[in-house]
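As provided, input_20.cif (mmCIF, C-alpha atoms and all ligand atoms) reads as follows.
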```cif
data_model
#
loop_
_atom_site.group_PDB
_atom_site.id
_atom_site.type_symbol
_atom_site.label_atom_id
_atom_site.label_comp_id
_atom_site.auth_asym_id
_atom_site.auth_seq_id
_atom_site.Cartn_x
_atom_site.Cartn_y
_atom_site.Cartn_z
ATOM 1 C CA MET A 1 8.901 9.642 -1.417
ATOM 2 C CA LEU A 2 6.140 7.060 -1.594
ATOM 3 C CA THR A 3 6.328 4.624 -4.500
ATOM 4 C CA LEU A 4 4.430 1.460 -5.331
ATOM 5 C CA THR A 5 5.989 -1.272 -7.471
ATOM 6 C CA PHE A 6 3.631 -3.918 -8.792
ATOM 7 C CA LEU A 7 5.477 -7.229 -8.589
ATOM 8 C CA GLY A 8 2.598 -9.446 -9.685
ATOM 9 C CA THR A 9 -0.706 -8.346 -11.178
ATOM 10 C CA GLY A 10 -2.434 -11.555 -12.291
ATOM 11 C CA ALA A 11 -5.293 -13.492 -10.691
ATOM 12 C CA ALA A 12 -5.244 -17.111 -9.578
ATOM 13 C CA CYS A 13 -2.185 -18.479 -11.407
ATOM 14 C CA PRO A 14 0.923 -17.079 -13.091
ATOM 15 C CA SER A 15 0.842 -16.449 -16.827
ATOM 16 C CA VAL A 16 3.502 -15.414 -19.332
ATOM 17 C CA ASP A 17 2.348 -11.802 -18.981
ATOM 18 C CA ARG A 18 1.607 -11.560 -15.277
ATOM 19 C CA ASN A 19 2.911 -13.094 -12.075
ATOM 20 C CA VAL A 20 0.540 -13.610 -9.132
ATOM 21 C CA SER A 21 -0.125 -11.003 -6.454
ATOM 22 C CA SER A 22 2.516 -8.971 -4.690
ATOM 23 C CA LEU A 23 2.957 -5.250 -4.215
ATOM 24 C CA ALA A 24 6.042 -3.464 -2.878
ATOM 25 C CA VAL A 25 5.602 -0.070 -1.229
ATOM 26 C CA ALA A 26 8.685 2.072 -0.619
ATOM 27 C CA ARG A 27 8.331 4.987 1.761
ATOM 28 C CA GLU A 28 11.170 7.225 2.948
ATOM 29 C CA GLY A 29 13.752 4.517 2.334
ATOM 30 C CA GLU A 30 11.739 1.713 3.904
ATOM 31 C CA THR A 31 10.143 -1.113 1.886
ATOM 32 C CA MET A 32 7.112 -3.202 2.792
ATOM 33 C CA LEU A 33 5.384 -5.990 0.875
ATOM 34 C CA PHE A 34 1.678 -6.607 0.505
ATOM 35 C CA ASP A 35 0.940 -10.245 -0.376
ATOM 36 C CA CYS A 36 3.588 -12.610 -1.651
ATOM 37 C CA GLY A 37 2.443 -14.936 -4.420
ATOM 38 C CA GLU A 38 4.638 -17.653 -5.889
ATOM 39 C CA GLY A 39 7.724 -16.243 -7.616
ATOM 40 C CA THR A 40 7.647 -12.899 -5.795
ATOM 41 C CA GLN A 41 11.362 -13.040 -4.968
ATOM 42 C CA ARG A 42 12.304 -13.261 -8.640
ATOM 43 C CA GLN A 43 10.006 -10.358 -9.466
ATOM 44 C CA MET A 44 11.744 -8.334 -6.755
ATOM 45 C CA MET A 45 15.123 -8.995 -8.354
ATOM 46 C CA ARG A 46 13.782 -8.223 -11.811
ATOM 47 C CA TYR A 47 12.227 -4.909 -10.793
ATOM 48 C CA GLY A 48 14.913 -3.729 -8.380
ATOM 49 C CA VAL A 49 13.123 -4.172 -5.053
ATOM 50 C CA GLY A 50 15.645 -5.009 -2.335
ATOM 51 C CA PHE A 51 15.281 -7.730 0.307
ATOM 52 C CA ALA A 52 15.957 -5.339 3.187
ATOM 53 C CA PHE A 53 12.304 -5.176 4.213
ATOM 54 C CA ARG A 54 11.039 -6.015 7.701
ATOM 55 C CA GLU A 55 7.349 -6.667 7.201
ATOM 56 C CA ILE A 56 4.924 -8.452 4.862
ATOM 57 C CA PHE A 57 1.191 -7.733 5.082
ATOM 58 C CA PHE A 58 -1.163 -10.417 3.788
ATOM 59 C CA SER A 59 -4.748 -9.863 2.635
ATOM 60 C CA HIS A 60 -5.671 -13.569 2.816
ATOM 61 C CA TYR A 61 -4.224 -17.026 2.268
ATOM 62 C CA HIS A 62 -5.363 -18.123 -1.154
ATOM 63 C CA ALA A 63 -2.300 -19.692 -2.769
ATOM 64 C CA ASP A 64 -1.850 -16.881 -5.291
ATOM 65 C CA HIS A 65 -1.233 -14.445 -2.413
ATOM 66 C CA MET A 66 1.081 -16.394 -0.118
ATOM 67 C CA LEU A 67 2.927 -19.296 -1.769
ATOM 68 C CA GLY A 68 5.962 -17.105 -2.463
ATOM 69 C CA VAL A 69 6.845 -16.473 1.154
ATOM 70 C CA THR A 70 8.583 -19.843 1.657
ATOM 71 C CA GLY A 71 11.105 -19.318 -1.132
ATOM 72 C CA LEU A 72 11.615 -15.651 -0.378
ATOM 73 C CA LEU A 73 12.523 -16.333 3.263
ATOM 74 C CA ARG A 74 14.852 -19.195 2.239
ATOM 75 C CA THR A 75 16.734 -16.941 -0.172
ATOM 76 C CA MET A 76 17.066 -14.268 2.490
ATOM 77 C CA GLY A 77 18.538 -16.947 4.777
ATOM 78 C CA LEU A 78 21.099 -17.876 2.111
ATOM 79 C CA GLN A 79 22.068 -14.199 1.995
ATOM 80 C CA ASP A 80 22.966 -14.402 5.691
ATOM 81 C CA ARG A 81 20.104 -12.284 6.830
ATOM 82 C CA THR A 82 19.940 -11.871 10.589
ATOM 83 C CA ALA A 83 17.349 -9.105 10.997
ATOM 84 C CA PRO A 84 13.862 -10.317 11.937
ATOM 85 C CA VAL A 85 10.880 -10.392 9.574
ATOM 86 C CA THR A 86 7.275 -10.050 10.702
ATOM 87 C CA LEU A 87 4.333 -11.448 8.756
ATOM 88 C CA TYR A 88 0.899 -9.931 9.390
ATOM 89 C CA GLY A 89 -2.340 -11.490 8.194
ATOM 90 C CA PRO A 90 -5.969 -12.138 9.052
ATOM 91 C CA ARG A 91 -7.369 -15.107 10.979
ATOM 92 C CA GLY A 92 -5.418 -18.304 10.346
ATOM 93 C CA ALA A 93 -2.035 -16.557 10.276
ATOM 94 C CA ALA A 94 -0.325 -18.868 12.769
ATOM 95 C CA ARG A 95 -1.489 -22.034 11.012
ATOM 96 C CA VAL A 96 -1.043 -21.057 7.340
ATOM 97 C CA LEU A 97 1.935 -18.721 7.501
ATOM 98 C CA GLY A 98 3.511 -20.909 10.177
ATOM 99 C CA ALA A 99 3.329 -23.873 7.779
ATOM 100 C CA ALA A 100 4.768 -21.794 4.919
ATOM 101 C CA VAL A 101 7.665 -20.597 7.075
ATOM 102 C CA SER A 102 8.523 -24.056 8.418
ATOM 103 C CA LEU A 103 8.068 -25.999 5.139
ATOM 104 C CA GLY A 104 11.145 -27.999 4.097
ATOM 105 C CA ILE A 105 14.069 -29.082 6.256
ATOM 106 C CA GLU A 106 16.011 -25.847 6.625
ATOM 107 C CA ARG A 107 15.666 -23.820 9.776
ATOM 108 C CA SER A 108 15.260 -20.080 9.388
ATOM 109 C CA LYS A 109 18.504 -18.290 10.271
ATOM 110 C CA PHE A 110 16.674 -15.174 11.368
ATOM 111 C CA PRO A 111 13.583 -14.687 13.530
ATOM 112 C CA VAL A 112 10.244 -14.770 11.711
ATOM 113 C CA GLU A 113 7.350 -13.484 13.750
ATOM 114 C CA ILE A 114 3.750 -14.108 12.736
ATOM 115 C CA VAL A 115 1.043 -11.712 13.889
ATOM 116 C CA GLU A 116 -2.660 -12.290 13.397
ATOM 117 C CA VAL A 117 -4.589 -9.057 12.944
ATOM 118 C CA GLN A 118 -8.301 -8.364 13.255
ATOM 119 C CA PRO A 119 -10.218 -6.149 10.870
ATOM 120 C CA GLY A 120 -10.092 -2.703 12.448
ATOM 121 C CA ASP A 121 -6.587 -3.127 13.859
ATOM 122 C CA ARG A 122 -4.197 -0.220 13.445
ATOM 123 C CA LEU A 123 -0.432 -0.738 13.476
ATOM 124 C CA GLU A 124 1.408 2.452 14.424
ATOM 125 C CA ARG A 125 4.689 3.205 12.683
ATOM 126 C CA ASP A 126 7.036 6.182 12.610
ATOM 127 C CA GLY A 127 5.154 8.769 10.557
ATOM 128 C CA TYR A 128 2.314 6.529 9.405
ATOM 129 C CA ALA A 129 -0.006 3.703 10.362
ATOM 130 C CA LEU A 130 -1.272 0.548 8.693
ATOM 131 C CA GLU A 131 -4.971 -0.120 9.079
ATOM 132 C CA ALA A 132 -6.592 -3.488 8.408
ATOM 133 C CA PHE A 133 -10.184 -3.251 7.238
ATOM 134 C CA PRO A 134 -12.735 -6.001 6.494
ATOM 135 C CA THR A 135 -13.392 -7.043 2.894
ATOM 136 C CA GLU A 136 -15.770 -9.539 1.261
ATOM 137 C CA HIS A 137 -14.127 -12.552 -0.364
ATOM 138 C CA ARG A 138 -14.625 -16.286 0.088
ATOM 139 C CA ALA A 139 -12.376 -16.469 3.120
ATOM 140 C CA ASP A 140 -11.106 -14.484 6.094
ATOM 141 C CA THR A 141 -9.844 -11.443 4.252
ATOM 142 C CA ILE A 142 -8.718 -7.925 4.982
ATOM 143 C CA GLY A 143 -7.587 -4.944 2.969
ATOM 144 C CA TRP A 144 -4.795 -2.609 4.038
ATOM 145 C CA ALA A 145 -4.639 1.178 4.221
ATOM 146 C CA LEU A 146 -1.320 2.989 4.630
ATOM 147 C CA VAL A 147 -2.203 6.260 6.327
ATOM 148 C CA GLU A 148 0.455 8.888 6.890
ATOM 149 C CA HIS A 149 0.302 11.076 9.966
ATOM 150 C CA GLU A 150 -0.533 14.728 9.547
ATOM 151 C CA ARG A 151 2.570 16.828 8.881
ATOM 152 C CA LEU A 152 3.612 20.179 10.337
ATOM 153 C CA GLY A 153 2.329 23.250 8.533
ATOM 154 C CA ARG A 154 4.601 25.123 6.160
ATOM 155 C CA PHE A 155 7.118 27.528 7.808
ATOM 156 C CA ASP A 156 7.368 30.959 6.193
ATOM 157 C CA PRO A 157 11.104 31.896 6.193
ATOM 158 C CA ALA A 158 10.573 35.251 4.436
ATOM 159 C CA ARG A 159 8.114 36.363 7.058
ATOM 160 C CA ALA A 160 10.388 35.080 9.828
ATOM 161 C CA ALA A 161 13.205 37.229 8.462
ATOM 162 C CA ALA A 162 10.865 40.238 8.166
ATOM 163 C CA LEU A 163 9.874 39.841 11.826
ATOM 164 C CA GLY A 164 13.531 39.731 12.778
ATOM 165 C CA VAL A 165 13.556 36.107 13.999
ATOM 166 C CA PRO A 166 17.179 34.964 13.558
ATOM 167 C CA GLU A 167 17.636 31.840 11.452
ATOM 168 C CA GLY A 168 18.613 28.839 13.588
ATOM 169 C CA PRO A 169 17.126 26.909 16.507
ATOM 170 C CA LEU A 170 14.348 29.461 17.008
ATOM 171 C CA TRP A 171 12.933 28.643 13.562
ATOM 172 C CA GLY A 172 12.727 24.961 14.489
ATOM 173 C CA LYS A 173 11.021 25.719 17.797
ATOM 174 C CA ILE A 174 8.393 27.891 16.157
ATOM 175 C CA HIS A 175 7.850 25.313 13.405
ATOM 176 C CA LYS A 176 7.177 22.648 16.033
ATOM 177 C CA GLY A 177 4.566 24.805 17.731
ATOM 178 C CA GLU A 178 6.442 26.763 20.424
ATOM 179 C CA SER A 179 6.203 30.512 20.962
ATOM 180 C CA VAL A 180 9.662 32.064 21.300
ATOM 181 C CA GLU A 181 10.983 35.240 22.868
ATOM 182 C CA LEU A 182 13.372 37.310 20.747
ATOM 183 C CA PRO A 183 16.455 39.046 22.224
ATOM 184 C CA ASP A 184 14.534 42.367 22.192
ATOM 185 C CA GLY A 185 11.735 40.871 24.290
ATOM 186 C CA ARG A 186 9.101 40.466 21.613
ATOM 187 C CA VAL A 187 7.262 37.110 21.575
ATOM 188 C CA VAL A 188 6.561 35.412 18.238
ATOM 189 C CA SER A 189 3.882 32.707 18.133
ATOM 190 C CA PRO A 190 3.709 29.808 15.644
ATOM 191 C CA ALA A 191 0.440 31.161 14.243
ATOM 192 C CA GLU A 192 2.397 34.089 12.788
ATOM 193 C CA LEU A 193 4.836 31.942 10.822
ATOM 194 C CA VAL A 194 3.422 28.434 10.355
ATOM 195 C CA GLY A 195 0.506 27.397 8.135
ATOM 196 C CA ALA A 196 -2.159 24.813 8.935
ATOM 197 C CA PRO A 197 -1.044 21.185 9.410
ATOM 198 C CA ARG A 198 -0.845 19.341 6.101
ATOM 199 C CA ALA A 199 -2.618 16.042 5.467
ATOM 200 C CA GLY A 200 -0.463 12.950 4.932
ATOM 201 C CA ARG A 201 -1.022 10.568 2.057
ATOM 202 C CA ARG A 202 -3.369 7.597 2.033
ATOM 203 C CA VAL A 203 -2.824 4.492 -0.096
ATOM 204 C CA VAL A 204 -5.332 1.645 0.007
ATOM 205 C CA TYR A 205 -4.922 -1.968 -1.174
ATOM 206 C CA SER A 206 -8.140 -3.952 -1.579
ATOM 207 C CA GLY A 207 -6.781 -7.503 -1.738
ATOM 208 C CA ASP A 208 -9.379 -9.876 -3.247
ATOM 209 C CA THR A 209 -12.918 -8.663 -2.643
ATOM 210 C CA ARG A 210 -16.367 -7.842 -3.860
ATOM 211 C CA PRO A 211 -17.062 -4.104 -3.800
ATOM 212 C CA CYS A 212 -18.085 -3.304 -0.223
ATOM 213 C CA ALA A 213 -18.927 -0.412 2.100
ATOM 214 C CA THR A 214 -15.966 -1.003 4.402
ATOM 215 C CA LEU A 215 -13.588 -0.676 1.470
ATOM 216 C CA ILE A 216 -15.258 2.534 0.300
ATOM 217 C CA GLU A 217 -14.917 3.903 3.830
ATOM 218 C CA ALA A 218 -11.242 2.940 4.059
ATOM 219 C CA ALA A 219 -10.542 4.474 0.647
ATOM 220 C CA ARG A 220 -12.380 7.740 1.359
ATOM 221 C CA GLY A 221 -10.276 10.559 -0.098
ATOM 222 C CA ALA A 222 -7.300 8.260 -0.747
ATOM 223 C CA ASP A 223 -4.461 9.501 -2.930
ATOM 224 C CA LEU A 224 -4.278 6.069 -4.547
ATOM 225 C CA LEU A 225 -6.571 3.048 -4.503
ATOM 226 C CA VAL A 226 -5.209 -0.297 -5.691
ATOM 227 C CA HIS A 227 -8.296 -2.386 -6.378
ATOM 228 C CA GLU A 228 -8.624 -5.865 -7.740
ATOM 229 C CA ALA A 229 -10.448 -6.140 -11.082
ATOM 230 C CA THR A 230 -10.421 -9.806 -11.919
ATOM 231 C CA PHE A 231 -13.136 -9.661 -14.569
ATOM 232 C CA ALA A 232 -14.855 -7.564 -17.238
ATOM 233 C CA GLY A 233 -18.551 -6.776 -16.941
ATOM 234 C CA GLU A 234 -19.685 -9.758 -18.996
ATOM 235 C CA GLU A 235 -18.373 -11.968 -16.176
ATOM 236 C CA LEU A 236 -20.278 -10.175 -13.422
ATOM 237 C CA GLU A 237 -22.054 -13.355 -12.323
ATOM 238 C CA ARG A 238 -18.759 -15.169 -12.094
ATOM 239 C CA ALA A 239 -17.287 -12.268 -10.114
ATOM 240 C CA LYS A 240 -20.147 -12.559 -7.626
ATOM 241 C CA GLU A 241 -19.771 -16.348 -7.353
ATOM 242 C CA THR A 242 -16.030 -16.192 -6.751
ATOM 243 C CA GLY A 243 -15.969 -13.124 -4.501
ATOM 244 C CA HIS A 244 -14.183 -10.852 -6.962
ATOM 245 C CA SER A 245 -14.873 -7.495 -8.645
ATOM 246 C CA THR A 246 -15.303 -6.356 -12.217
ATOM 247 C CA ALA A 247 -13.354 -3.380 -13.535
ATOM 248 C CA ALA A 248 -16.512 -1.238 -13.573
ATOM 249 C CA GLU A 249 -17.296 -2.186 -9.972
ATOM 250 C CA ALA A 250 -13.797 -1.217 -8.859
ATOM 251 C CA ALA A 251 -14.207 2.106 -10.662
ATOM 252 C CA MET A 252 -17.511 2.719 -8.875
ATOM 253 C CA VAL A 253 -15.786 2.137 -5.547
ATOM 254 C CA ALA A 254 -13.113 4.683 -6.518
ATOM 255 C CA ARG A 255 -15.782 7.196 -7.523
ATOM 256 C CA GLU A 256 -17.871 6.748 -4.387
ATOM 257 C CA ALA A 257 -14.800 6.991 -2.170
ATOM 258 C CA GLY A 258 -13.591 10.119 -3.984
ATOM 259 C CA VAL A 259 -10.048 8.834 -4.475
ATOM 260 C CA ARG A 260 -7.564 10.715 -6.635
ATOM 261 C CA ARG A 261 -6.268 7.789 -8.677
ATOM 262 C CA LEU A 262 -7.127 4.134 -9.222
ATOM 263 C CA VAL A 263 -4.895 1.253 -10.269
ATOM 264 C CA LEU A 264 -6.548 -2.026 -11.259
ATOM 265 C CA THR A 265 -4.719 -5.266 -10.556
ATOM 266 C CA HIS A 266 -5.373 -9.022 -10.056
ATOM 267 C CA ILE A 267 -6.368 -9.371 -13.714
ATOM 268 C CA SER A 268 -7.657 -12.759 -14.892
ATOM 269 C CA PRO A 269 -5.314 -14.617 -17.296
ATOM 270 C CA ARG A 270 -8.150 -14.633 -19.834
ATOM 271 C CA TYR A 271 -7.406 -10.987 -20.702
ATOM 272 C CA THR A 272 -4.480 -9.725 -22.758
ATOM 273 C CA ARG A 273 -1.606 -7.797 -21.189
ATOM 274 C CA ASP A 274 -3.194 -4.397 -21.825
ATOM 275 C CA ALA A 275 -6.731 -5.588 -21.007
ATOM 276 C CA PRO A 276 -8.349 -2.764 -23.053
ATOM 277 C CA GLU A 277 -11.883 -3.922 -22.267
ATOM 278 C CA LEU A 278 -11.248 -3.601 -18.523
ATOM 279 C CA LEU A 279 -9.750 -0.149 -18.968
ATOM 280 C CA GLU A 280 -12.641 1.079 -21.080
ATOM 281 C CA GLU A 281 -15.285 -0.222 -18.678
ATOM 282 C CA ALA A 282 -13.527 1.343 -15.694
ATOM 283 C CA ARG A 283 -12.947 4.697 -17.400
ATOM 284 C CA ALA A 284 -16.656 5.105 -18.004
ATOM 285 C CA ALA A 285 -17.133 5.426 -14.233
ATOM 286 C CA PHE A 286 -13.748 6.809 -13.142
ATOM 287 C CA PRO A 287 -11.338 8.452 -15.626
ATOM 288 C CA GLU A 288 -8.179 8.511 -13.452
ATOM 289 C CA VAL A 289 -7.530 4.796 -13.820
ATOM 290 C CA ILE A 290 -4.762 2.611 -15.169
ATOM 291 C CA ILE A 291 -4.315 -1.142 -15.459
ATOM 292 C CA ALA A 292 -1.292 -2.413 -13.562
ATOM 293 C CA ARG A 293 1.286 -4.577 -15.283
ATOM 294 C CA ASP A 294 4.184 -6.388 -13.667
ATOM 295 C CA GLY A 295 6.999 -3.952 -12.960
ATOM 296 C CA LEU A 296 4.790 -0.856 -13.030
ATOM 297 C CA SER A 297 5.995 1.841 -10.640
ATOM 298 C CA VAL A 298 3.610 4.515 -9.363
ATOM 299 C CA ASP A 299 4.676 7.557 -7.327
ATOM 300 C CA VAL A 300 2.246 9.069 -4.852
ATOM 301 C CA PRO A 301 3.063 12.784 -4.438
ATOM 302 C CA TYR A 302 1.703 15.099 -1.763
ATOM 303 C CA VAL A 303 -1.368 16.807 -3.152
ATOM 304 C CA HIS A 304 -0.307 20.380 -2.315
ATOM 305 C CA GLU A 305 3.211 19.840 -3.724
ATOM 306 C CA GLU A 306 1.742 18.603 -6.961
ATOM 307 C CA ALA A 307 -0.494 21.658 -7.069
ATOM 308 C CA ALA A 308 2.450 23.969 -6.342
ATOM 309 C CA ALA A 309 4.541 22.339 -9.060
ATOM 310 C CA GLY A 310 1.703 22.674 -11.574
HETATM 311 ZN ZN ZN A 401 -6.259 -13.852 -5.641
HETATM 312 ZN ZN ZN A 402 -8.503 -14.943 -3.137
#
```

As a first step, turn the structure in this file into structure tokens.
Amino acid sequence: MLTLTFLGTGAACPSVDRNVSSLAVAREGETMLFDCGEGTQRQMMRYGVGFAFREIFFSHYHADHMLGVTGLLRTMGLQDRTAPVTLYGPRGAARVLGAAVSLGIERSKFPVEIVEVQPGDRLERDGYALEAFPTEHRADTIGWALVEHERLGRFDPARAAALGVPEGPLWGKIHKGESVELPDGRVVSPAELVGAPRAGRRVVYSGDTRPCATLIEAARGADLLVHEATFAGEELERAKETGHSTAAEAAMVAREAGVRRLVLTHISPRYTRDAPELLEEARAAFPEVIIARDGLSVDVPYVHEEAAAG
């Protein structure tokens, strides 16, 4: 499974309707956080996101994206955490995140590592990678792409049985790409029983940014794009001045990148909870769009499995 939970979806400062930025991504039992605005730990409790994560990925260090890390780490200390946590962010990580981690008089009871990443860096994980790409905001900023590795092709058990390949270890060998010899001497190759490798999923988080080519490139063909949409079109000038995007601009990015679905977040407090004007403006350019709200959960299925189910 691959599920996103929006912990905070508001821009700049918390409001009654929206907390500031944080996004939890759960994949195959593992949770990671992207950005950690003030109050993130309480949003995690409210929306059932556990504290057993190992990594937080920051897009930049405006207060609405990082002030929550101090309190979150303190609470984890009170819960007798011992496992390490690693914080990744763009230039300035050691100074800004270091200050956030060491603020106050308590000492962290578990190791907190801080890693500065450059745009273009790729962090390899088991079954996927995290790619940092450059964005255009008023600071050193990056966006993040979670890119799953290609998966093995589909194994055809009916055909295996028809060819007389006994169920068991031989099936696994063939599935992993080995030719096997049957007891009667025949050799069966993977091409006879295994389909083409299947693409993994791609989820992209813009952070705060103007629409930009590097973001479109990173989001190319993504299953899900989470893009900031701070303003409606009437505030386009303000969006340009402050390094943000309008809903229509985010939708144009989604269209140009050919993504499957778009979720808009980082909504200015000036709009109501449903922000119908943002939704309408975005839909005109890209129909598969929703506006995030705090607590929203979005599943990202494999494309072919969705097609098979339908
Ligand atoms: Zn922001
Ligand atoms: Zn910002």

Dump as CSV the rows for residues of region 251-283 of chain A within 12 Å of region 194-209 of chain A: closest atom pair and distance in Å with one decimal, all atoms listed in the file counted, ordered by chain and rising residue number.
```
residue,atom,partner,partner_atom,distance
A:Val253,CA,A:Ser206,CA,10.5
A:Ala254,CA,A:Val204,CA,10.6
A:Ala257,CA,A:Val204,CA,11.1
A:Val259,CA,A:Arg202,CA,9.4
A:Arg260,CA,A:Arg202,CA,10.1
A:Arg261,CA,A:Val203,CA,9.8
A:Leu262,CA,A:Val204,CA,9.7
A:Val263,CA,A:Tyr205,CA,9.6
A:Leu264,CA,A:Ser206,CA,10.0
A:Thr265,CA,A:Gly207,CA,9.3
A:His266,CA,A:Asp208,CA,7.9
A:Ile267,CA,A:Asp208,CA,10.9
```

- Task: For CA of Val187 (chain A) and CA of Arg159 (chain A), quote the distance in Å rounded to one decimal.
- Result: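 Between CA of Val187 (chain A) and CA of Arg159 (chain A) the gap is 14.6 Å.
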
- Residue with smallest distance to ligand ZN 401 (chain A) - pool A:Met32, A:Ala139, A:Leu215, A:Leu225, counting all atoms listed in the file: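 Closest candidate: A:Ala139.
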
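Of the residues listed (A:Asp80, A:Glu131, A:Glu178, A:Glu228), A:Glu228 shows the shortest atom-to-atom separation from ligand ZN 401 (chain A); distances use all atoms listed in the file.
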
- Query: How many Å separate CA of Asp299 (chain A) from CA of Leu152 (chain A)?
  - Reply: 21.7 Å

Could you list, as an mmCIF file with C-alpha atoms, in the coordinates of the input, all protein and nucleic acid residues with an atom at most 7 Å from ligand ZN 402 (chain A), counting all atoms listed in the file?
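selection.cif written:
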```cif
data_model
loop_
_atom_site.group_PDB
_atom_site.id
_atom_site.type_symbol
_atom_site.label_atom_id
_atom_site.label_comp_id
_atom_site.auth_asym_id
_atom_site.auth_seq_id
_atom_site.Cartn_x
_atom_site.Cartn_y
_atom_site.Cartn_z
ATOM 1 C CA HIS A 60 -5.671 -13.569 2.816
ATOM 2 C CA HIS A 62 -5.363 -18.123 -1.154
ATOM 3 C CA HIS A 137 -14.127 -12.552 -0.364
ATOM 4 C CA ASP A 208 -9.379 -9.876 -3.247
#
```
